[in-house]
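Each remark here refers to the structure printed beneath this line.
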Amino acid sequence: MKTFINCKDLGDLNAALAEAQEIKADRFKYQHLGKNKTLLMIFFNNSLRTRLSTQKAAMNLGMNVIVLDVNAGAWKLETERGVIMDSDKSEHLLEAIPVMSSYCDMIGVRSFAGLTDREYDYAETVLHQFIKYSGKPVFAMETATVHPLQAFADLITIQEHWKPTAEKKRPKVVLTWAPHCRALPQAVPNSFAEWMNAADVDLVITHPKGYELDPQFVGDATVEYDQMKAFEGADFIYAKNWSCPGVTNPEDYGKILDDYKTMMHWTVDADHMAATDNGKFLHCLPVRRGLIVTDDVIESENSLVIPEAANREISCSVVIKRMLESMSQD
């Protein structure tokens with residue numbers, strides 16, 4: 001595996017999930033794979049779970065780790081071609097990438113959407129420049145449109161907490177939009193929908209009209225605009241805000257279509273959860289309490305946000321392990 005951007009890169013999801021449990025049982029079993037190899041983690045945006053879990057996973061696998069925060073201590077990087085560099089950006093990514101790759105064996109990249117140019121964001125311009133010009137294995141630590149390490153951890157968490165019955169062999173999983181005071185990208189809901197479509201679950205996506213995700217991620221999921229109806233009989237509720245994806249109206253891309261104060265009935269509270277089948281609550285974190293979810297829901301015994309975050313170390317371990325194995329075969 002030379003790159004990791006989506007679930008297809010992992011192949012058989014059941015095999016990947018089994019591998020995750022193997023690693024979880026012995027996190028240092030494959031330390032030999034990373035001996036004398038270096039991971040470079042490049043952050044264009046803030047991070048807590050991704051930074052810590054990825055570094056821990058790489059260290060578990062015996063790697064050295066370099067962390068570069070582009071916005072704190074590095075030259076500001078230009079990403080566009082054909083520009084006159086007379087602004088505050090003093091180094092071009094096309095020179096920076098081969099320099100950075102000369103110091104490492106593998107690269108993790110985190111770069112968010114600008115939310116102003118849909119075509120630019122959905123082309124994954126920054127990530128693909130690293131893939132093209134670094135000559136090293138590259139994995140996404142969240143990009144403009146996807147967050148595969150999070151979605152893989154979400155799937156691991158659902159697998160661990162799902163108990164099938166004779167009446168219900170597949171869990172009903174609901175991805176619900178929730179209000180937020182800032183415009184957020186679609187990376188997390190995009191990847192969650194993509195991975196759930198590939199998994200053995202029944203996926204329902206619920207959101208107000210105008211927030212339709214890109215069809216390539218929605219796949220075969222049921223889209224339900226009535227949030228309470230979507231929650232009925234659900235086993236897992238995944239709450240996340242996202243700004244307008246601009247599918248039907250590109251000019252609305254990245255916008256908040258309604259004042260969040262008028263959308264508070266979409267906040268996941270006890271009444272919402274009461275409609276589920278003793279449903280578990282998930283969120284990628286960080287979460288704004290009182291907007292996305294109420295205190296009583298996120299603090300309840302059915303909240304999985306902490307084990308879900310802990311599984312970020314495991315999802316990343318599987319990905320890095322597979323990349324190291326591919327390097328050893330070259």
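By convention in this document, the chains of the structure tokens carry letters A, B, ... by their order, each chain's residues are numbered from 1, and ligands are numbered from 1 in the order they are shown.
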
Query - Which of stretch 94-309 of chain A DSSP labels helix (DSSP H, G or I), written as a PyMOL selection string - result: chain A and resi 94-101+118-122+125-134+148-161+187-198+215-218+227-231+250-252+260-262+264-266+270-274+295-298+305-309

How would the residues just picked look written out with C-alpha atoms as a short mmCIF file (atom, residue, chain, number, x, y, z; two decimals), in the first residue's frame?
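The resulting file, out.cif, is reproduced below:
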```
data_model
loop_
_atom_site.label_atom_id
_atom_site.label_comp_id
_atom_site.auth_asym_id
_atom_site.auth_seq_id
_atom_site.Cartn_x
_atom_site.Cartn_y
_atom_site.Cartn_z
CA LEU A 94 7.07 22.05 -5.16
CA GLU A 95 10.51 22.69 -3.67
CA ALA A 96 9.47 21.98 -0.08
CA ILE A 97 8.06 18.52 -0.82
CA PRO A 98 11.24 16.92 -2.25
CA VAL A 99 13.27 18.53 0.52
CA MET A 100 10.97 17.14 3.20
CA SER A 101 10.87 13.71 1.58
CA ARG A 118 -15.18 23.61 -4.35
CA GLU A 119 -13.30 22.47 -7.44
CA TYR A 120 -9.93 23.14 -5.80
CA ASP A 121 -10.90 21.42 -2.54
CA TYR A 122 -12.44 18.34 -4.15
CA THR A 125 -4.64 19.61 -4.73
CA VAL A 126 -2.28 19.69 -1.73
CA LEU A 127 -2.42 15.96 -0.96
CA HIS A 128 -1.87 14.94 -4.57
CA GLN A 129 1.17 17.17 -4.85
CA PHE A 130 2.74 15.22 -1.98
CA ILE A 131 1.86 11.93 -3.65
CA LYS A 132 3.26 13.08 -7.00
CA TYR A 133 6.47 14.82 -5.93
CA SER A 134 7.63 13.16 -2.70
CA PRO A 148 -10.13 8.00 6.45
CA LEU A 149 -8.21 7.34 9.69
CA GLN A 150 -11.21 8.66 11.65
CA ALA A 151 -13.73 6.65 9.64
CA PHE A 152 -11.69 3.47 10.09
CA ALA A 153 -11.59 4.08 13.86
CA ASP A 154 -15.35 4.69 13.81
CA LEU A 155 -15.89 1.36 12.08
CA ILE A 156 -13.63 -0.45 14.57
CA THR A 157 -15.66 1.08 17.42
CA ILE A 158 -18.99 0.07 15.90
CA GLN A 159 -17.75 -3.48 15.35
CA GLU A 160 -16.62 -3.72 18.97
CA HIS A 161 -19.95 -2.52 20.38
CA ALA A 187 -14.31 15.52 5.30
CA VAL A 188 -15.56 13.59 8.35
CA PRO A 189 -19.13 12.96 7.13
CA ASN A 190 -17.83 12.14 3.63
CA SER A 191 -15.50 9.45 4.91
CA PHE A 192 -17.96 8.14 7.48
CA ALA A 193 -20.59 7.67 4.77
CA GLU A 194 -18.08 6.07 2.41
CA TRP A 195 -16.81 3.57 5.00
CA MET A 196 -20.28 2.69 6.30
CA ASN A 197 -21.43 2.03 2.74
CA ALA A 198 -18.57 -0.43 2.39
CA PRO A 215 -23.20 11.44 -4.30
CA GLN A 216 -19.84 9.66 -4.51
CA PHE A 217 -19.89 9.46 -0.70
CA VAL A 218 -23.64 9.01 -0.14
CA GLN A 227 -34.28 13.68 11.78
CA MET A 228 -36.56 12.04 14.36
CA LYS A 229 -37.77 9.53 11.79
CA ALA A 230 -34.16 8.73 10.91
CA PHE A 231 -33.37 8.06 14.58
CA PRO A 250 -22.13 25.40 -6.14
CA GLU A 251 -22.33 29.06 -5.16
CA ASP A 252 -23.42 27.95 -1.66
CA TYR A 260 -27.48 28.01 13.77
CA LYS A 261 -29.69 29.49 16.51
CA THR A 262 -32.74 28.62 14.40
CA MET A 264 -31.08 23.99 17.56
CA HIS A 265 -33.84 21.39 17.21
CA TRP A 266 -31.21 19.36 15.33
CA ALA A 270 -32.14 12.85 25.26
CA ASP A 271 -35.41 13.08 23.31
CA HIS A 272 -33.59 12.23 20.10
CA MET A 273 -31.78 9.29 21.68
CA ALA A 274 -35.03 8.00 23.17
CA ASP A 295 -24.18 17.18 28.15
CA ASP A 296 -26.42 14.35 29.29
CA VAL A 297 -26.04 12.47 25.98
CA ILE A 298 -22.28 12.79 25.61
CA VAL A 305 -16.58 9.16 22.05
CA ILE A 306 -13.61 8.19 24.28
CA PRO A 307 -13.12 4.58 23.08
CA GLU A 308 -13.73 5.90 19.56
CA ALA A 309 -10.87 8.40 19.98
#
```

**Report entry** Test item: residues at most 7 Å from A:Cys104, only C-alpha atoms, excluding those fewer than 4 positions along its chain, as a list in words
**Finding:**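 Here the answer would be Thr38, Leu39 and Leu40 of chain A.
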
Same residues, all heavy atoms, saved as a short mmCIF file (atom, residue, chain, number, x, y, z; two decimals), in the first residue's frame:
```
data_model
loop_
_atom_site.label_atom_id
_atom_site.label_comp_id
_atom_site.auth_asym_id
_atom_site.auth_seq_id
_atom_site.Cartn_x
_atom_site.Cartn_y
_atom_site.Cartn_z
N THR A 38 11.72 6.56 9.28
CA THR A 38 11.21 7.82 9.83
C THR A 38 9.90 8.22 9.17
O THR A 38 9.79 8.21 7.93
CB THR A 38 12.24 8.96 9.63
OG1 THR A 38 13.44 8.62 10.32
CG2 THR A 38 11.71 10.28 10.15
N LEU A 39 8.92 8.55 10.00
CA LEU A 39 7.66 9.12 9.54
C LEU A 39 7.71 10.64 9.71
O LEU A 39 8.06 11.13 10.79
CB LEU A 39 6.49 8.56 10.35
CG LEU A 39 5.14 9.28 10.17
CD1 LEU A 39 4.61 9.11 8.75
CD2 LEU A 39 4.11 8.79 11.19
N LEU A 40 7.37 11.36 8.66
CA LEU A 40 7.21 12.80 8.73
C LEU A 40 5.73 13.13 8.72
O LEU A 40 5.01 12.78 7.77
CB LEU A 40 7.91 13.48 7.55
CG LEU A 40 7.69 15.00 7.41
CD1 LEU A 40 8.20 15.74 8.65
CD2 LEU A 40 8.38 15.53 6.15
#
```

Requested in this report: May I ask for the distance between atom CA of A:Ala183 and atom CA of A:Ala234, given in Å to one decimal place?
Outcome: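 Between these atoms lies a distance of 27.3 Å.
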
Query raised in the report: Counting only C-alpha atoms, what is within 12 Å of A:Asn64, bar same-chain residues fewer than 3 positions away, as a list of chain:residue names?
Result: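 Everything that qualifies: A:Gln31, A:Leu33, A:Gly34, A:Lys35, A:Asn36, A:Lys37, A:Thr38, A:Leu39, A:Leu40, A:Met41, A:Thr54, A:Gln55, A:Lys56, A:Ala57, A:Ala58, A:Met59, A:Asn60, A:Leu61, A:Val67, A:Tyr103, A:Cys104, A:Asp105, A:Met106, A:Ile107.
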
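Among the candidates A:Asn14, A:Thr165, A:Ser102, A:Thr143, the residue lying nearest to A:Ala199 is A:Asn14 (atoms considered: only C-alpha atoms).
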
Report task. Can you check which residues of stretch 213-272 of chain A DSSP gives as strand (DSSP E or B) on the backbone and send them as a PyMOL selection string? Result -> chain A and resi 222-224+236-240+268

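Distance-wise, atom CA of A:Phe139 and atom CA of A:Gln21 end up 21.0 Å apart.
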